[in-house]
Amino acid sequence: MDIAVLAQRFCHIAIWRLLVIIGMVVAVLIVTQAFELPYWKTTPLSPPSKGSTAMVARNATLPNNSPPTKPFVANLRVDNDTFASDSDKEAGFENQTKETDKQDDPVSYDDKNPHKEVKVKKDYPKAGTNLTLNEVQNQDGILPIESQGLSTKGMGNFHADSRISFIAENASSVSNAKQTMKTKPTDKKTKPLQEVSVTLNNKFTIVSISNPILKRLHKQPVSLSQMNSMLLNSPVPSRHMKPRWSSVRDHELVSAKLQIENSPLRRNISGLYASVFRNVSMFIRSYELMEHTLKIYIYREGEKPIYHQPVLKGIYASEGWFMKLMEGNKKFAVRDPKKAHLFYLPFSSQMLRIKLAAQNIHSTKDLEKYLRRYVELIAGKYRFWNRTRGADHFLVACHDWASRVTMQLMGNCIRSLCNANVANGFKIGKDTTLPVTYIRSVEDPLKDMGGRPPSRRHILAFFAGSMHGYVRPILLQYWENKEPDMKIFGPMPRDIEGKKIYREYMKNSKYCICARGYEVHTPRVVEAIFYECVPVIISDNYVPPFFEVLNWEAFSVFIQEKDIPNLRKILLSIPEEKYLAMQSRVKMVQRHFLWHKNPVRYDLFHMVLHSIWYNRLLQIIV
């Protein structure tokens, strides 16, 4: 009997130990699975948490009966309070600004630290390794791109196995082939929830844009006619914007404003053409008064390289060229701030981003704090900021996030911005649009200017560029390799040959597609004018440069993003006579978009300055 009791007790103990061991094994498996979930193989047990990366299945494939997909690659951007350089690869070929801005790779964000940037490593060949040019130019001006072992259908330098496709609204998907990544805003200032479909094959991460993210295309944008109304009916500045005390300079500005409003009719103006201006008489009078009246004080405070050190090459060169020419100017600049009508804040948004990123500072709040210290410095040392609360101060900034960083702190200032998004804080009638100019040669910024005459432009439309944002993948999906007269590509090689191909396409095309990237601005607008190609702007809510004085509809075409499927139909519907008129006006307006080492009348430097002057007059109250 004792033996039986002992055996029974032993069995109970063994079973209990066995259960403990099984429980520990299960716990270990669960913990292991939890650690693996954000990365590979396992099936997600719960929705992705806030700030997490996409949960995907490895080696996932679409079923054999799936429709074939078109090859192109879209870069993924997650919007939060941390900023990456959105325009680093904005040019038609891959980025050339590595010497000033090192963030050339796609950027994702660490789910444990949303302010830490993580480089996404891609296993694809370097640009230009396989791409060769068989013919740069033939009799008809058609420039075919051919390569060996590499599809160039919108893929540029990416591997031919990389594939991406749009998911139709009613299309079925395979649950183990893709999951949806949702990025939630970290604070009220960030952009709303976005959904991006992500799939993997055995080598590459492939990103496709699903219909939820395309819902923004159905949002009614601010049309060009609405922007015109906003300019003509600019709200009167509130009384709290009235200067704390009046000055002689204020009365000089009010006098200039009245003279412009009563400008005499001007005709036969040498070098200027009424058809490209809203009111050429008012522009001439305003420009003349600017030349004879305007004085600007440039704050000497601020240390290099963020202050007083212009960058003259690359995609953000506009802010650098203006800074260089403004600080070297003797006509408008004065040393006595009491004589000034306007006050220039001479900082480089590009260098601010680079230097603070080197210190691992990426938060907008930290960047605002840095600028706030500068404003507090000049406000404490001088009385001019506090007199108008910054309304007679201006800044010139081209980096993507400059608009957001300056929105609160410098919201009263006149902001000349490349990222001129009327739906995101840009104020027509106060802020001005800074043209994006991709400068490749500081010694000769006008190199290779011009293009073929209209009779020898046999390409209907041309575009080439990286797959930034949501618009460009749609553009390629509809028009890449669809029609022989529609030359729509992804990124081109960044070698000398690739640059030459890009220029020749623009010089030989009737219309140059200026599709937005991550933000609304793009250097292609100025590039099109530079090469005498009619710009086709596909960027909802973008306020074009010098909107206050130029009649953009006279020399360019605006197409809403939702109308990309009808792009070719729209362009073909434009009568030849109208196209020829627009192309001739592009040549007329070209002089206003050129940088000169020594500024000349009506060039880009003076036009930027005039927009700032003009908008100050619109806002002046005494």
# chains A, B, ... in the order shown; residues from 1 in each chain; ligands from 1
call {"tool": "residues_around", "arguments": {"residues": "stretch 432-439 of chain A", "least_positions_apart": "3", "cutoff": "7 Å", "atoms": "only C-alpha atoms", "output": "compact mmCIF listing (two decimals) with N, CA and C atoms, in the first residue's frame"}}
result
# COMPACT_ATOMS: atom_id res chain seq x y z
N LYS A 313 25.29 75.58 -54.57
CA LYS A 313 25.03 74.46 -55.47
C LYS A 313 23.95 73.57 -54.90
N GLY A 314 23.34 72.79 -55.79
CA GLY A 314 22.36 71.82 -55.32
C GLY A 314 20.94 72.34 -55.39
N ILE A 315 20.06 71.57 -54.81
CA ILE A 315 18.64 71.83 -54.97
C ILE A 315 18.12 72.97 -54.09
N TYR A 316 18.87 73.32 -53.04
CA TYR A 316 18.45 74.42 -52.17
C TYR A 316 19.22 75.70 -52.47
N ALA A 317 19.81 75.79 -53.63
CA ALA A 317 20.72 76.88 -53.94
C ALA A 317 20.05 78.25 -53.97
N SER A 318 18.75 78.30 -54.16
CA SER A 318 18.08 79.60 -54.25
C SER A 318 18.31 80.44 -53.00
N ARG A 415 7.70 85.48 -45.50
CA ARG A 415 8.50 84.27 -45.70
C ARG A 415 8.57 83.94 -47.18
N SER A 416 9.77 83.97 -47.73
CA SER A 416 9.98 83.55 -49.11
C SER A 416 10.38 82.08 -49.08
N LEU A 417 9.47 81.20 -49.48
CA LEU A 417 9.63 79.76 -49.27
C LEU A 417 9.51 78.99 -50.58
N CYS A 418 10.35 77.97 -50.73
CA CYS A 418 10.18 77.05 -51.85
C CYS A 418 8.94 76.19 -51.65
N ALA A 420 5.77 76.24 -50.98
CA ALA A 420 4.66 77.19 -50.91
C ALA A 420 3.34 76.45 -51.05
N VAL A 442 28.43 76.88 -60.27
CA VAL A 442 28.45 78.19 -59.63
C VAL A 442 29.10 79.22 -60.55
N PRO A 445 26.06 79.65 -63.95
CA PRO A 445 24.71 79.14 -63.67
C PRO A 445 23.79 79.13 -64.89
N THR A 522 9.07 71.72 -56.80
CA THR A 522 9.97 70.90 -57.60
C THR A 522 10.84 71.81 -58.46
N PRO A 523 12.10 71.46 -58.69
CA PRO A 523 12.97 72.28 -59.54
C PRO A 523 12.61 72.22 -61.01
N VAL A 526 11.37 75.60 -62.89
CA VAL A 526 12.40 76.51 -63.41
C VAL A 526 13.21 75.83 -64.51
N VAL A 543 1.56 77.27 -54.87
CA VAL A 543 1.52 78.66 -55.33
C VAL A 543 2.78 78.91 -56.15
N PRO A 544 2.66 79.16 -57.44
CA PRO A 544 3.87 79.30 -58.28
C PRO A 544 4.63 80.58 -57.94
N PRO A 545 5.91 80.65 -58.30
CA PRO A 545 6.75 81.80 -57.97
C PRO A 545 6.23 83.11 -58.59
N PHE A 546 6.44 84.20 -57.85
CA PHE A 546 6.07 85.54 -58.30
C PHE A 546 4.60 85.61 -58.71
N VAL A 608 12.82 88.11 -56.66
CA VAL A 608 12.57 87.66 -55.29
C VAL A 608 12.43 88.86 -54.36
N SER A 611 9.11 90.67 -54.91
CA SER A 611 7.95 90.01 -54.30
C SER A 611 7.87 90.32 -52.80
N ILE A 612 9.02 90.35 -52.14
CA ILE A 612 9.05 90.67 -50.71
C ILE A 612 8.61 92.12 -50.49
call {"tool": "residues_around", "arguments": {"residues": "A:Val622", "least_positions_apart": "4", "cutoff": "10 Å", "atoms": "only C-alpha atoms", "output": "JSON list (two decimals) with all heavy atoms, in the first residue's frame"}}
result
[["chain", "number", "residue", "atom", "x", "y", "z"],
["A", 239, "ARG", "N", -5.77, 94.88, -36.61],
["A", 239, "ARG", "CA", -5.24, 96.06, -35.94],
["A", 239, "ARG", "C", -4.09, 95.73, -34.99],
["A", 239, "ARG", "O", -3.24, 96.58, -34.72],
["A", 239, "ARG", "CB", -6.37, 96.75, -35.15],
["A", 239, "ARG", "CG", -7.55, 97.18, -35.98],
["A", 239, "ARG", "CD", -7.16, 97.98, -37.21],
["A", 239, "ARG", "NE", -6.46, 99.22, -36.89],
["A", 239, "ARG", "CZ", -5.95, 100.05, -37.78],
["A", 239, "ARG", "NH1", -6.04, 99.76, -39.07],
["A", 239, "ARG", "NH2", -5.34, 101.17, -37.41],
["A", 241, "MET", "N", -1.70, 94.08, -35.67],
["A", 241, "MET", "CA", -0.47, 94.08, -36.45],
["A", 241, "MET", "C", 0.04, 95.50, -36.70],
["A", 241, "MET", "O", 1.08, 95.69, -37.31],
["A", 241, "MET", "CB", -0.70, 93.38, -37.79],
["A", 241, "MET", "CG", -0.92, 91.88, -37.67],
["A", 241, "MET", "SD", 0.51, 91.06, -36.91],
["A", 241, "MET", "CE", 1.77, 91.40, -38.12],
["A", 242, "LYS", "N", -0.71, 96.48, -36.29],
["A", 242, "LYS", "CA", -0.27, 97.86, -36.47],
["A", 242, "LYS", "C", 0.99, 98.11, -35.66],
["A", 242, "LYS", "O", 1.11, 97.66, -34.53],
["A", 242, "LYS", "CB", -1.38, 98.82, -36.01],
["A", 242, "LYS", "CG", -1.07, 100.28, -36.25],
["A", 242, "LYS", "CD", -2.23, 101.17, -35.85],
["A", 242, "LYS", "CE", -1.91, 102.63, -36.10],
["A", 242, "LYS", "NZ", -3.04, 103.52, -35.74],
["A", 243, "PRO", "N", 1.97, 98.81, -36.23],
["A", 243, "PRO", "CA", 3.21, 99.08, -35.49],
["A", 243, "PRO", "C", 2.93, 99.77, -34.16],
["A", 243, "PRO", "O", 1.99, 100.58, -34.05],
["A", 243, "PRO", "CB", 3.99, 99.99, -36.44],
["A", 243, "PRO", "CG", 3.45, 99.70, -37.79],
["A", 243, "PRO", "CD", 2.01, 99.36, -37.60],
["A", 244, "ARG", "N", 3.74, 99.48, -33.18],
["A", 244, "ARG", "CA", 3.55, 100.08, -31.87],
["A", 244, "ARG", "C", 3.79, 101.58, -31.91],
["A", 244, "ARG", "O", 3.26, 102.32, -31.10],
["A", 244, "ARG", "CB", 4.48, 99.42, -30.86],
["A", 244, "ARG", "CG", 4.11, 97.96, -30.60],
["A", 244, "ARG", "CD", 4.97, 97.34, -29.51],
["A", 244, "ARG", "NE", 4.54, 95.99, -29.22],
["A", 244, "ARG", "CZ", 5.10, 95.20, -28.30],
["A", 244, "ARG", "NH1", 6.15, 95.66, -27.60],
["A", 244, "ARG", "NH2", 4.66, 93.99, -28.09],
["A", 245, "TRP", "N", 4.62, 102.00, -32.84],
["A", 245, "TRP", "CA", 4.78, 103.43, -33.09],
["A", 245, "TRP", "C", 5.10, 103.62, -34.56],
["A", 245, "TRP", "O", 5.70, 102.75, -35.20],
["A", 245, "TRP", "CB", 5.87, 104.05, -32.19],
["A", 245, "TRP", "CG", 7.25, 103.53, -32.42],
["A", 245, "TRP", "CD1", 8.16, 103.97, -33.33],
["A", 245, "TRP", "CD2", 7.88, 102.44, -31.73],
["A", 245, "TRP", "NE1", 9.32, 103.23, -33.25],
["A", 245, "TRP", "CE2", 9.18, 102.29, -32.27],
["A", 245, "TRP", "CE3", 7.47, 101.57, -30.69],
["A", 245, "TRP", "CZ2", 10.06, 101.32, -31.82],
["A", 245, "TRP", "CZ3", 8.35, 100.62, -30.26],
["A", 245, "TRP", "CH2", 9.63, 100.49, -30.81],
["A", 246, "SER", "N", 4.66, 104.73, -35.10],
["A", 246, "SER", "CA", 4.86, 105.00, -36.52],
["A", 246, "SER", "C", 6.28, 105.48, -36.78],
["A", 246, "SER", "O", 6.97, 105.95, -35.87],
["A", 246, "SER", "CB", 3.85, 106.05, -36.99],
["A", 246, "SER", "OG", 3.97, 106.27, -38.37],
["A", 247, "SER", "N", 6.70, 105.35, -38.04],
["A", 247, "SER", "CA", 8.04, 105.78, -38.42],
["A", 247, "SER", "C", 7.99, 106.44, -39.79],
["A", 247, "SER", "O", 7.02, 106.28, -40.55],
["A", 247, "SER", "CB", 9.01, 104.60, -38.44],
["A", 247, "SER", "OG", 8.76, 103.77, -39.55],
["A", 250, "ASP", "N", 7.57, 103.88, -42.59],
["A", 250, "ASP", "CA", 6.20, 103.41, -42.83],
["A", 250, "ASP", "C", 5.47, 104.35, -43.78],
["A", 250, "ASP", "O", 4.77, 103.90, -44.71],
["A", 250, "ASP", "CB", 5.44, 103.32, -41.51],
["A", 250, "ASP", "CG", 5.96, 102.22, -40.60],
["A", 250, "ASP", "OD1", 6.60, 101.28, -41.12],
["A", 250, "ASP", "OD2", 5.74, 102.30, -39.38],
["A", 251, "HIS", "N", 5.60, 105.62, -43.58],
["A", 251, "HIS", "CA", 4.92, 106.59, -44.44],
["A", 251, "HIS", "C", 5.49, 106.57, -45.85],
["A", 251, "HIS", "O", 4.74, 106.79, -46.83],
["A", 251, "HIS", "CB", 5.04, 107.99, -43.84],
["A", 251, "HIS", "CG", 4.24, 108.15, -42.57],
["A", 251, "HIS", "ND1", 2.87, 108.27, -42.56],
["A", 251, "HIS", "CD2", 4.64, 108.20, -41.26],
["A", 251, "HIS", "CE1", 2.44, 108.40, -41.31],
["A", 251, "HIS", "NE2", 3.50, 108.36, -40.50],
["A", 253, "LEU", "N", 6.51, 103.86, -47.33],
["A", 253, "LEU", "CA", 5.91, 102.67, -47.94],
["A", 253, "LEU", "C", 4.45, 102.93, -48.32],
["A", 253, "LEU", "O", 3.99, 102.49, -49.38],
["A", 253, "LEU", "CB", 6.00, 101.48, -46.97],
["A", 253, "LEU", "CG", 7.40, 100.94, -46.68],
["A", 253, "LEU", "CD1", 7.34, 99.79, -45.69],
["A", 253, "LEU", "CD2", 8.11, 100.50, -47.96],
["A", 254, "VAL", "N", 3.71, 103.63, -47.47],
["A", 254, "VAL", "CA", 2.32, 103.96, -47.78],
["A", 254, "VAL", "C", 2.25, 104.83, -49.02],
["A", 254, "VAL", "O", 1.39, 104.63, -49.90],
["A", 254, "VAL", "CB", 1.65, 104.66, -46.58],
["A", 254, "VAL", "CG1", 0.27, 105.19, -46.98],
["A", 254, "VAL", "CG2", 1.53, 103.71, -45.41]]
call {"tool": "residues_around", "arguments": {"residues": "A:Asn233", "least_positions_apart": "6", "cutoff": "12 Å", "atoms": "only C-alpha atoms", "output": "list in words"}}
result
Gln226, Met227, Ile428, Gly429 and Leu618 of chain A
call {"tool": "residues_around", "arguments": {"residues": "A:Val375", "least_positions_apart": "2", "cutoff": "10 Å", "atoms": "only C-alpha atoms", "output": "compact mmCIF listing (two decimals) with C-alpha atoms, in the first residue's frame"}}
result
# COMPACT_ATOMS: atom_id res chain seq x y z
CA LEU A 345 17.14 87.28 -41.20
CA LYS A 369 14.02 76.59 -30.10
CA TYR A 370 17.25 77.21 -31.99
CA LEU A 371 15.63 79.89 -34.14
CA ARG A 372 13.81 81.32 -31.15
CA ARG A 373 17.11 82.03 -29.43
CA LEU A 377 18.82 87.91 -29.43
CA ILE A 378 17.89 90.46 -32.07
CA ALA A 379 14.71 91.47 -30.25
CA GLY A 380 16.71 92.17 -27.12
CA LYS A 381 19.46 94.04 -28.93
CA TRP A 385 11.31 93.32 -34.15
CA GLY A 390 8.30 90.90 -37.08
CA LEU A 409 7.82 81.77 -34.46
CA MET A 410 8.12 83.83 -37.64
call {"tool": "closest_residue", "arguments": {"among": "A:Ile354, A:Ile361, A:Ile298, A:Val276", "to": "A:Gly328", "atoms": "only C-alpha atoms"}}
result
A:Ile298
call {"tool": "closest_atom_pairs", "arguments": {"of": "stretch 551-594 of chain A", "to": "stretch 462-476 of chain A", "cutoff": "8 Å", "atoms": "only C-alpha atoms", "output": "Markdown table"}}
result
| residue | atom | partner | partner_atom | distance |
| --- | --- | --- | --- | --- |
| A:Glu561 | CA | A:Val471 | CA | 6.9 |
| A:Ile564 | CA | A:Leu475 | CA | 6.4 |
| A:Pro565 | CA | A:Leu475 | CA | 8.0 |
call {"tool": "select_by_dssp", "arguments": {"residues": "stretch 245-490 of chain A", "states": "strand (DSSP E)", "output": "list of chain:residue names"}}
result
A:Ile296, A:Tyr297, A:Ile298, A:Ala333, A:Val334, A:Leu342, A:Phe343, A:Tyr344, A:His393, A:Phe394, A:Leu395, A:Val396, A:Ala397, A:Ile414, A:Arg415, A:Ser416, A:Leu417, A:Thr432, A:Thr433, A:Ile459, A:Leu460, A:Ala461, A:Phe462, A:Phe463, A:Met486, A:Lys487, A:Ile488
call {"tool": "atom_distance", "arguments": {"atom1": "atom CA of A:Glu577", "atom2": "atom CA of A:Arg524"}}
result
24.1 Å
call {"tool": "closest_residue", "arguments": {"among": "A:Ala256, A:Val586, A:Leu604, A:Met351", "to": "A:Met282", "atoms": "only C-alpha atoms"}}
result
A:Ala256
call {"tool": "select_by_dssp", "arguments": {"residues": "stretch 268-377 of chain A", "states": "helix (DSSP H, G or I)", "output": "MDAnalysis selection string"}}
result
chainID A and resid 274:276 280:293 317:327 337:339 349:358 364:377
call {"tool": "atom_distance", "arguments": {"atom1": "atom CA of A:Asn481", "atom2": "atom CA of A:Met506"}}
result
17.4 Å
call {"tool": "closest_residue", "arguments": {"among": "A:Asn421, A:Gln619, A:Ser286, A:Asn279", "to": "A:Leu550", "atoms": "only C-alpha atoms"}}
result
A:Asn279
call {"tool": "closest_residue", "arguments": {"among": "A:Phe384, A:Tyr505, A:Trp321, A:Trp401", "to": "A:Leu594", "atoms": "only C-alpha atoms"}}
result
A:Trp321
call {"tool": "residues_around", "arguments": {"residues": "A:Ile459", "least_positions_apart": "4", "cutoff": "7 Å", "atoms": "only C-alpha atoms", "output": "VMD selection string"}}
result
chain A and resid 142 485 to 486 508 to 510
call {"tool": "closest_residue", "arguments": {"among": "A:Ile529, A:Val405, A:Val334, A:Met230", "to": "A:Glu368", "atoms": "only C-alpha atoms"}}
result
A:Val405
call {"tool": "atom_distance", "arguments": {"atom1": "atom CA of A:Ser556", "atom2": "atom CA of A:Arg440"}}
result
24.4 Å
call {"tool": "closest_residue", "arguments": {"among": "A:His341, A:His393, A:Arg494, A:Arg17", "to": "A:Lys430", "atoms": "only C-alpha atoms"}}
result
A:His393
